[in-house]
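What follows is a single structure, written as structure tokens, with notes after it.
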Amino acid sequence: MATHSAFAPRATSRRSSEDTAGEIVSLIIPVVRRADDLIVLHDAFAAAVSTVTAHYEFLFVFDGGFGPPPEALVARSRRDRRIRVLRLAYAFGETAALRAGIAASRGNVVMTIPPYFQVQPQGVAQLLDAVHNGADVAVARRCPRRDGWLNRLQSYVFHTLIRSVSGGFHDMGCGVRAMRRDIGESLRLYGDMHRFIPLLAFREGYRVAEIPLPQHAADARPRVYKPGIYVRRLLDIMTLFFLAKFTEKPLRFFGLLGSTLFAPGALITLVLLVQRLEGVGIADRPVLLLGVLLLALGVQLVGIGLVGEMIVYLKAPHRRSYRVRETT
Amino acid sequence: MVQHSFDRSCPDVSVVAPLYNESANVVPLVESIFGALAGRALELEVLLVDDSSSDDTWERIHAVAAPARVRGIRLAHNVGQTAALMAGFDHARGAVVLSLDGDLQNDPRDIPAILEKLEQGYDLVCGWRQRRQDGLLLRRLPSWCANRLIGWLTGVRVTDNGCSLKAYRRELLDRLTLYSDQHRFIPALAASLGARVAELPVRHHARRFGKSKYGPSRMVKVLVDLITLKMITTFRARPFVGFCVVALLPLGLGLCFGVAWVAALTGFGGAKASVLVLASAALLWAGAAFYMGMLGLVAEVALHGEREATPDTPSVQELA
């Protein structure tokens with residue numbers, strides 16, 4: 001019964017991972033909003049992953065906001081120990097569901113899969129291959145894409161913006177990813193950061209491979225979101241940009257911004273002062289308001305930068321910005 | 001913190017050299033370090049930190065690595081000089097740790113003199129490059145200004161903050177965390193932790209291999225970083241006071257305008273219009289001062305929430 005060996009106690013699974021073929025793959029499926037028929041999904045991906053290894057487990061992580069897990073899936077998990085169903089107590093969102101899944105997983109390779117068909121399930125094997133062959137993280141890229149022009153345009157704009165920060169990834173929206181488990185645990189995932197896993201891993205210095213996989217036909221439906229979603233994505237990108245450049249030096253950001261506001265403010269008020277001394281009245285000049293506003297904003301921004309520096313300094317003893325790849 | 005000093009399995013001296021694309025310098029560097037300390041009864045380890053070079057620096061390091069004597073550390077991504085130095089410090093086991101440039105511009109023959117100086121009862125000995133072999137306008141002049149500014153702001157007057165050749169006691173490194181680009185401010189940061197700091201003239205050579213990784217863009221950054229430096233060396237344990245000091249300037253301006261306002265109100269010349277201008281100027285600056293003070297309280301909250309050891313947590317020795 002090789003099928004059951006994946007569920008031996010953890011110590012045993014560690015030992016088996018030292019064999020060449022004996023690693024366990026945990027497939028984590030966070031179910032938050034949209035979901036296809038999970039039974040069909042499980043069948044398809046189980047068939048695909050079993051061509052690579054018999055040692056795998058499926059973790060379905062249901063967000064609290066999703067509602068009760070489908071009865072058929074729960075029944076199946078009672079029969080097959082390679083299926084586990086978790087449920088978050090409240091609506092925590094996809095990032096939290098992924099974190100819970102990674103924490104509960106028993107494999108030494110974790111794979112995330114969205115609860116709907118994004119790519120052809122057979123592609124699973126290619127991602128696992130990439131991880132075997134030295135990549136720390138392997139992410140799928142839907143290619144060739146079957147999406148219409150609207151989806152492509154959105155995706156193009158989004159990724160062009162992100163590329164201005166760093167990386168060079170083409171499809172962050174694809175949730176099919178494989179990575180060593182320790183890497184999954186080490187990534188600081190919070191908020192909506194699950195979307196940026198490839199970029200976060202890349203910035204930590206991990207080797208990230210992008211693997212083109214054909215897009216699933218069911219995934220090619222036009223996607224139009226509420227305006228709030230677009231605003232959120234834009235804010236996410238701004239957060240990433242700030243974190244990438246100024247995590248350790250907030251005053252460089254706020255100080256620069258503050259002084260570019262303060263300088264014209266000072267210039268305006270100086271000019272007005274000179275004019276006043278020459279006898280020109282300035283009280284009814286709107287530009288005085290502008291100058292005063294710029295001065296006030298500049299001072300505030302510099303002050304915020306100083307608070308930021310204080311916080312960074314306090315956190316510094318427990319934080320390292322380097323990561324060691326290897327030692328001799 | 002681990003005390004390494006009395007553990008015989010640990011080397012006496014660790015030499016840390018961060019390298020970034022310095023493939024041609026690896027072998028000469030290691031040879032000259034061991035050459036400089038040959039014949040001394042010192043257990044020596046050399047740590048070569050490869051800051052994710054894009055050339056074959058790591059292959060060269062791998063070739064010269066020898067267990068316990070020469071250790072290589074390869075970082076996963078390029079993090080810059082400060083973090084690379086920190087990686088070396090974190091891995092160094094010596095009771096005394098030396099740092100020097102990986103580009104051979106420092107001369108390892110100065111190491112014995114630096115160690116001797118450290119023995120005289122200092123925690124940090126900084127090199128002071130004599131006849132510096134760098135360009136005047138882009139390197140030496142800005143560096144001279146920065147050194148004077150640092151001395152004036154922090155009261156730690158070191159002639160050459162930028163020299164990488166330095167010797168540290170382990171006890172100091174256990175308390176010193178460097179981040180951002182703080183490698184330029186090590187003497188001031190160390191002194192703010194109570195370290196005794198000395199400096200010593202050392203030799204300086206022109207680059208033989210490879211090329212410099214410094215550009216002029218760092219001047220603005222250094223100026224901003226100096227404000228941070230003042231903040232964390234003088235006011236890190238009492239940020240509210242620091243912010244109030246910053247607030248003094250707007251407060252003074254506000255008071256000046258306030259006095260002028262009252263004067264204008266009571267009719268010492270001045271039309272009705274200037275009363276309005278003076279009032280708004282006074283309120284603006286008073287508001288800015290108030291705002292600064294409130295931010296100081298936010299900083300106090302951040303400090304208060306920090307339960308883990310900060311650099312101000314004293315390490316205590318019980319003598320008897």
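Going by the structure tokens order, chains are called A, B, ..., each with residues numbered from 1, while ligands are numbered from 1 in the order shown.
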
Practice item. Excluding A:Arg325 and any residue of its chain fewer than 6 positions from it, enumerate the residues within 8 Å of it, using only C-alpha atoms, and give them as a count of residues only. Key: 4

Exercise for review: Within 8 Å of chain B, which residues of chain A are there when counting only C-alpha atoms? Please give them as a ChimeraX atom specification.
Suggested key: /A:203-206,248-249,251-252,255,281-284,292,296,299-300,303-304,306-307,309-311,313-314,316-317,320-328

Could you turn the residues from that selection into a file that holds N, CA and C atoms, as a short mmCIF file (atom, residue, chain, number, x, y, z; two decimals), in the first residue's frame?
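File result_12.cif, as written:
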data_model
loop_
_atom_site.label_atom_id
_atom_site.label_comp_id
_atom_site.auth_asym_id
_atom_site.auth_seq_id
_atom_site.Cartn_x
_atom_site.Cartn_y
_atom_site.Cartn_z
N ARG A 203 13.17 38.36 -4.98
CA ARG A 203 13.83 39.42 -4.24
C ARG A 203 14.57 38.89 -3.03
N GLU A 204 14.16 37.72 -2.53
CA GLU A 204 14.89 37.09 -1.43
C GLU A 204 16.13 36.37 -1.95
N GLY A 205 16.33 36.36 -3.25
CA GLY A 205 17.50 35.73 -3.81
C GLY A 205 17.31 34.27 -4.17
N TYR A 206 16.06 33.81 -4.20
CA TYR A 206 15.82 32.43 -4.61
C TYR A 206 15.81 32.34 -6.13
N GLU A 248 14.72 49.67 4.42
CA GLU A 248 15.71 49.95 5.44
C GLU A 248 16.01 51.43 5.56
N LYS A 249 15.49 52.24 4.68
CA LYS A 249 15.85 53.65 4.68
C LYS A 249 14.66 54.55 4.38
N LEU A 251 13.74 57.36 5.52
CA LEU A 251 13.98 58.80 5.44
C LEU A 251 14.46 59.20 4.05
N ARG A 252 15.12 58.28 3.35
CA ARG A 252 15.54 58.61 1.99
C ARG A 252 14.32 58.85 1.12
N GLY A 255 12.16 61.87 3.10
CA GLY A 255 12.99 63.07 3.14
C GLY A 255 13.09 63.69 1.75
N GLY A 281 1.60 94.39 -1.48
CA GLY A 281 0.77 93.63 -0.56
C GLY A 281 0.70 92.16 -0.98
N ILE A 282 0.72 91.22 -0.02
CA ILE A 282 0.69 89.80 -0.40
C ILE A 282 -0.47 89.05 0.25
N ALA A 283 -1.23 89.71 1.09
CA ALA A 283 -2.24 89.00 1.86
C ALA A 283 -3.32 88.39 0.97
N ASP A 284 -3.61 89.01 -0.17
CA ASP A 284 -4.69 88.51 -1.01
C ASP A 284 -4.17 87.67 -2.17
N VAL A 292 2.62 78.19 1.71
CA VAL A 292 2.44 77.74 3.10
C VAL A 292 2.10 76.26 3.14
N ALA A 296 4.30 73.22 4.94
CA ALA A 296 3.72 72.35 5.98
C ALA A 296 3.83 70.89 5.58
N VAL A 299 7.49 69.57 5.89
CA VAL A 299 7.88 69.30 7.28
C VAL A 299 7.27 67.99 7.76
N GLN A 300 5.99 67.80 7.44
CA GLN A 300 5.30 66.58 7.90
C GLN A 300 5.94 65.32 7.32
N GLY A 303 9.15 64.50 9.00
CA GLY A 303 8.87 63.96 10.34
C GLY A 303 8.46 62.50 10.27
N ILE A 304 7.62 62.16 9.31
CA ILE A 304 7.19 60.76 9.16
C ILE A 304 8.39 59.87 8.84
N LEU A 306 11.41 60.30 9.78
CA LEU A 306 12.19 60.11 11.01
C LEU A 306 11.56 59.03 11.89
N VAL A 307 10.24 59.04 12.00
CA VAL A 307 9.57 57.98 12.77
C VAL A 307 9.88 56.63 12.14
N GLU A 309 12.50 55.76 10.43
CA GLU A 309 13.88 55.38 10.75
C GLU A 309 13.98 54.81 12.17
N MET A 310 13.24 55.41 13.09
CA MET A 310 13.23 54.91 14.46
C MET A 310 12.76 53.46 14.49
N ILE A 311 11.66 53.20 13.77
CA ILE A 311 11.09 51.84 13.78
C ILE A 311 12.06 50.86 13.14
N TYR A 313 15.28 51.09 12.97
CA TYR A 313 16.41 50.91 13.88
C TYR A 313 16.06 49.92 14.98
N LEU A 314 14.83 50.03 15.50
CA LEU A 314 14.44 49.14 16.59
C LEU A 314 14.32 47.70 16.13
N ALA A 316 16.11 46.40 13.64
CA ALA A 316 17.34 45.95 12.98
C ALA A 316 18.04 44.78 13.66
N PRO A 317 18.15 44.74 15.00
CA PRO A 317 18.90 43.64 15.59
C PRO A 317 18.36 42.26 15.25
N ARG A 320 17.99 40.55 9.10
CA ARG A 320 19.15 40.57 8.22
C ARG A 320 18.66 40.71 6.79
N SER A 321 19.32 41.58 6.01
CA SER A 321 18.85 41.73 4.65
C SER A 321 19.57 40.77 3.71
N TYR A 322 20.60 40.08 4.20
CA TYR A 322 21.27 39.12 3.32
C TYR A 322 20.74 37.72 3.58
N ARG A 323 20.93 36.87 2.60
CA ARG A 323 20.64 35.46 2.79
C ARG A 323 21.82 34.69 2.22
N VAL A 324 22.30 33.71 2.95
CA VAL A 324 23.47 32.96 2.50
C VAL A 324 23.03 31.86 1.55
N ARG A 325 23.62 31.83 0.36
CA ARG A 325 23.28 30.75 -0.57
C ARG A 325 24.10 29.51 -0.26
N GLU A 326 25.40 29.68 -0.09
CA GLU A 326 26.22 28.52 0.26
C GLU A 326 27.49 28.99 0.96
N THR A 327 28.09 28.07 1.69
CA THR A 327 29.38 28.37 2.31
C THR A 327 30.35 27.27 1.93
N THR A 328 31.63 27.56 2.09
CA THR A 328 32.61 26.52 1.76
C THR A 328 32.89 25.68 3.00
#

Exercise for review: Run DSSP on the backbone of this structure and report the residues of stretch 64-313 of chain A it assigns to alpha helix (DSSP H), as an MDAnalysis selection string.
Suggested key: chainID A and resid 71:79 94:104 124:132 149:163 181:186 197:203 227:246 250:277 286:313

Write the residues you've just listed into a file as a compact mmCIF listing (two decimals), in the first residue's frame, and include C-alpha atoms for each of them.
# COMPACT_ATOMS: atom_id res chain seq x y z
CA GLU A 71 -20.11 17.22 1.07
CA ALA A 72 -18.76 15.04 -1.74
CA LEU A 73 -15.23 16.27 -1.11
CA VAL A 74 -15.44 15.72 2.63
CA ALA A 75 -16.73 12.21 2.03
CA ARG A 76 -13.88 11.54 -0.36
CA SER A 77 -11.33 12.80 2.15
CA ARG A 78 -12.70 10.31 4.70
CA ARG A 79 -12.03 7.47 2.29
CA GLU A 94 -6.31 33.73 -0.01
CA THR A 95 -2.92 34.68 1.43
CA ALA A 96 -3.91 33.42 4.87
CA ALA A 97 -5.35 30.25 3.36
CA LEU A 98 -2.05 29.59 1.58
CA ARG A 99 -0.09 30.17 4.76
CA ALA A 100 -2.33 27.82 6.70
CA GLY A 101 -1.95 25.23 3.96
CA ILE A 102 1.85 25.48 3.92
CA ALA A 103 1.98 25.28 7.71
CA ALA A 104 -0.22 22.18 7.79
CA VAL A 124 2.23 19.79 -12.82
CA ALA A 125 4.96 17.37 -13.81
CA GLN A 126 7.02 20.09 -15.49
CA LEU A 127 6.93 22.32 -12.42
CA LEU A 128 8.02 19.48 -10.15
CA ASP A 129 10.78 18.64 -12.61
CA ALA A 130 12.05 22.20 -12.44
CA VAL A 131 12.15 22.07 -8.64
CA HIS A 132 14.03 18.77 -8.82
CA TRP A 149 -7.78 40.82 -25.82
CA LEU A 150 -9.31 42.36 -22.68
CA ASN A 151 -7.63 39.91 -20.31
CA ARG A 152 -4.37 40.18 -22.18
CA LEU A 153 -4.43 43.95 -22.06
CA GLN A 154 -5.08 44.01 -18.30
CA SER A 155 -2.35 41.48 -17.72
CA TYR A 156 0.07 43.38 -19.95
CA VAL A 157 -0.44 46.69 -18.11
CA PHE A 158 -0.18 45.02 -14.70
CA HIS A 159 3.05 43.22 -15.50
CA THR A 160 4.63 46.20 -17.23
CA LEU A 161 4.07 48.20 -14.05
CA ILE A 162 5.53 45.45 -11.88
CA ARG A 163 8.55 45.05 -14.10
CA ARG A 181 8.59 23.75 1.56
CA ASP A 182 11.15 25.70 3.61
CA ILE A 183 10.96 28.49 1.05
CA GLY A 184 7.19 28.58 1.28
CA GLU A 185 7.54 28.96 5.03
CA SER A 186 10.21 31.65 4.83
CA ILE A 197 5.01 35.12 -4.57
CA PRO A 198 7.36 34.84 -7.60
CA LEU A 199 8.56 38.40 -7.09
CA LEU A 200 8.96 38.04 -3.31
CA ALA A 201 10.96 34.85 -3.76
CA PHE A 202 13.08 36.46 -6.46
CA ARG A 203 13.83 39.42 -4.24
CA PRO A 227 -13.01 49.50 -9.99
CA GLY A 228 -11.93 48.95 -6.39
CA ILE A 229 -9.99 45.86 -7.40
CA TYR A 230 -7.93 47.79 -9.94
CA VAL A 231 -7.17 50.45 -7.36
CA ARG A 232 -6.07 47.76 -4.91
CA ARG A 233 -3.71 46.19 -7.43
CA LEU A 234 -2.19 49.59 -8.10
CA LEU A 235 -1.71 50.17 -4.38
CA ASP A 236 -0.13 46.71 -4.07
CA ILE A 237 2.41 47.63 -6.74
CA MET A 238 3.19 50.89 -4.97
CA THR A 239 3.71 48.98 -1.72
CA LEU A 240 6.09 46.59 -3.45
CA PHE A 241 8.02 49.47 -4.96
CA PHE A 242 8.38 51.16 -1.58
CA LEU A 243 9.35 47.95 0.20
CA ALA A 244 11.86 47.02 -2.48
CA LYS A 245 13.68 50.34 -2.38
CA PHE A 246 13.20 51.83 1.06
CA PRO A 250 12.45 55.36 4.98
CA LEU A 251 13.98 58.80 5.44
CA ARG A 252 15.54 58.61 1.99
CA PHE A 253 12.03 58.29 0.56
CA PHE A 254 10.10 60.64 2.82
CA GLY A 255 12.99 63.07 3.14
CA LEU A 256 13.40 63.32 -0.62
CA LEU A 257 9.67 63.74 -1.15
CA GLY A 258 9.46 66.20 1.73
CA SER A 259 12.31 68.36 0.55
CA THR A 260 11.02 68.47 -3.03
CA LEU A 261 7.83 69.94 -1.56
CA PHE A 262 9.59 72.10 1.01
CA ALA A 263 12.03 73.70 -1.44
CA PRO A 264 9.43 75.30 -3.78
CA GLY A 265 7.41 76.28 -0.72
CA ALA A 266 10.42 78.06 0.73
CA LEU A 267 11.14 79.69 -2.63
CA ILE A 268 7.59 80.98 -3.00
CA THR A 269 7.46 82.44 0.50
CA LEU A 270 10.91 84.00 0.07
CA VAL A 271 9.85 85.72 -3.17
CA LEU A 272 6.69 86.95 -1.45
CA LEU A 273 8.72 88.21 1.48
CA VAL A 274 10.99 90.21 -0.83
CA GLN A 275 7.95 91.64 -2.60
CA ARG A 276 6.41 92.58 0.72
CA LEU A 277 9.57 94.41 1.73
CA PRO A 286 -3.43 82.72 -3.50
CA VAL A 287 0.20 81.75 -4.16
CA LEU A 288 0.87 82.52 -0.50
CA LEU A 289 -1.50 79.70 0.42
CA LEU A 290 0.34 77.37 -1.93
CA GLY A 291 3.70 78.26 -0.43
CA VAL A 292 2.44 77.74 3.10
CA LEU A 293 0.83 74.43 2.19
CA LEU A 294 4.04 73.14 0.58
CA LEU A 295 6.10 74.11 3.61
CA ALA A 296 3.72 72.35 5.98
CA LEU A 297 3.59 69.20 3.85
CA GLY A 298 7.36 69.11 3.53
CA VAL A 299 7.88 69.30 7.28
CA GLN A 300 5.30 66.58 7.90
CA LEU A 301 6.86 64.17 5.42
CA VAL A 302 10.33 64.56 6.88
CA GLY A 303 8.87 63.96 10.34
CA ILE A 304 7.19 60.76 9.16
CA GLY A 305 10.49 59.62 7.65
CA LEU A 306 12.19 60.11 11.01
CA VAL A 307 9.57 57.98 12.77
CA GLY A 308 10.13 55.34 10.10
CA GLU A 309 13.88 55.38 10.75
CA MET A 310 13.23 54.91 14.46
CA ILE A 311 11.09 51.84 13.78
CA VAL A 312 13.63 50.38 11.36
CA TYR A 313 16.41 50.91 13.88

Revision key, fill the gap. From the list B:Gly121, B:Gly127, B:Gly194, B:Gly155, the nearest residue to B:Leu172 using only C-alpha atoms is B:Gly194

Exercise for review: Write out as a PyMOL selection string the residues lying within 9 Å of B:Arg131, counting only C-alpha atoms and excluding same-chain residues fewer than 4 positions away.
Suggested key: chain B and resi 203-205

Point to revise | B:Arg109 environment, 9 Å, only C-alpha atoms, sequence neighbours closer than 6 positions dropped, as a VMD selection string | key: chain B and resid 32 to 33 35 to 37 203

Review point. What are the DSSP strand (DSSP E or B) residues of stretch 60-141 of chain B, as a list in words?
Key: Ala66, Val70, Arg71, Gly72, Ile73, Arg74, Leu75, Val96, Val97, Leu98, Ser99, Asn106, Leu124, Val125, Cys126, Gly127, Trp128 and Arg129 of chain B

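Separating atom CA of A:Met179 from atom CA of A:Arg207 is a distance of 10.1 Å.
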
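Closest approach to B:Ser212 among B:Thr266, B:Asn21, B:Thr154, B:Ser164 is made by B:Asn21 (distances from only C-alpha atoms).
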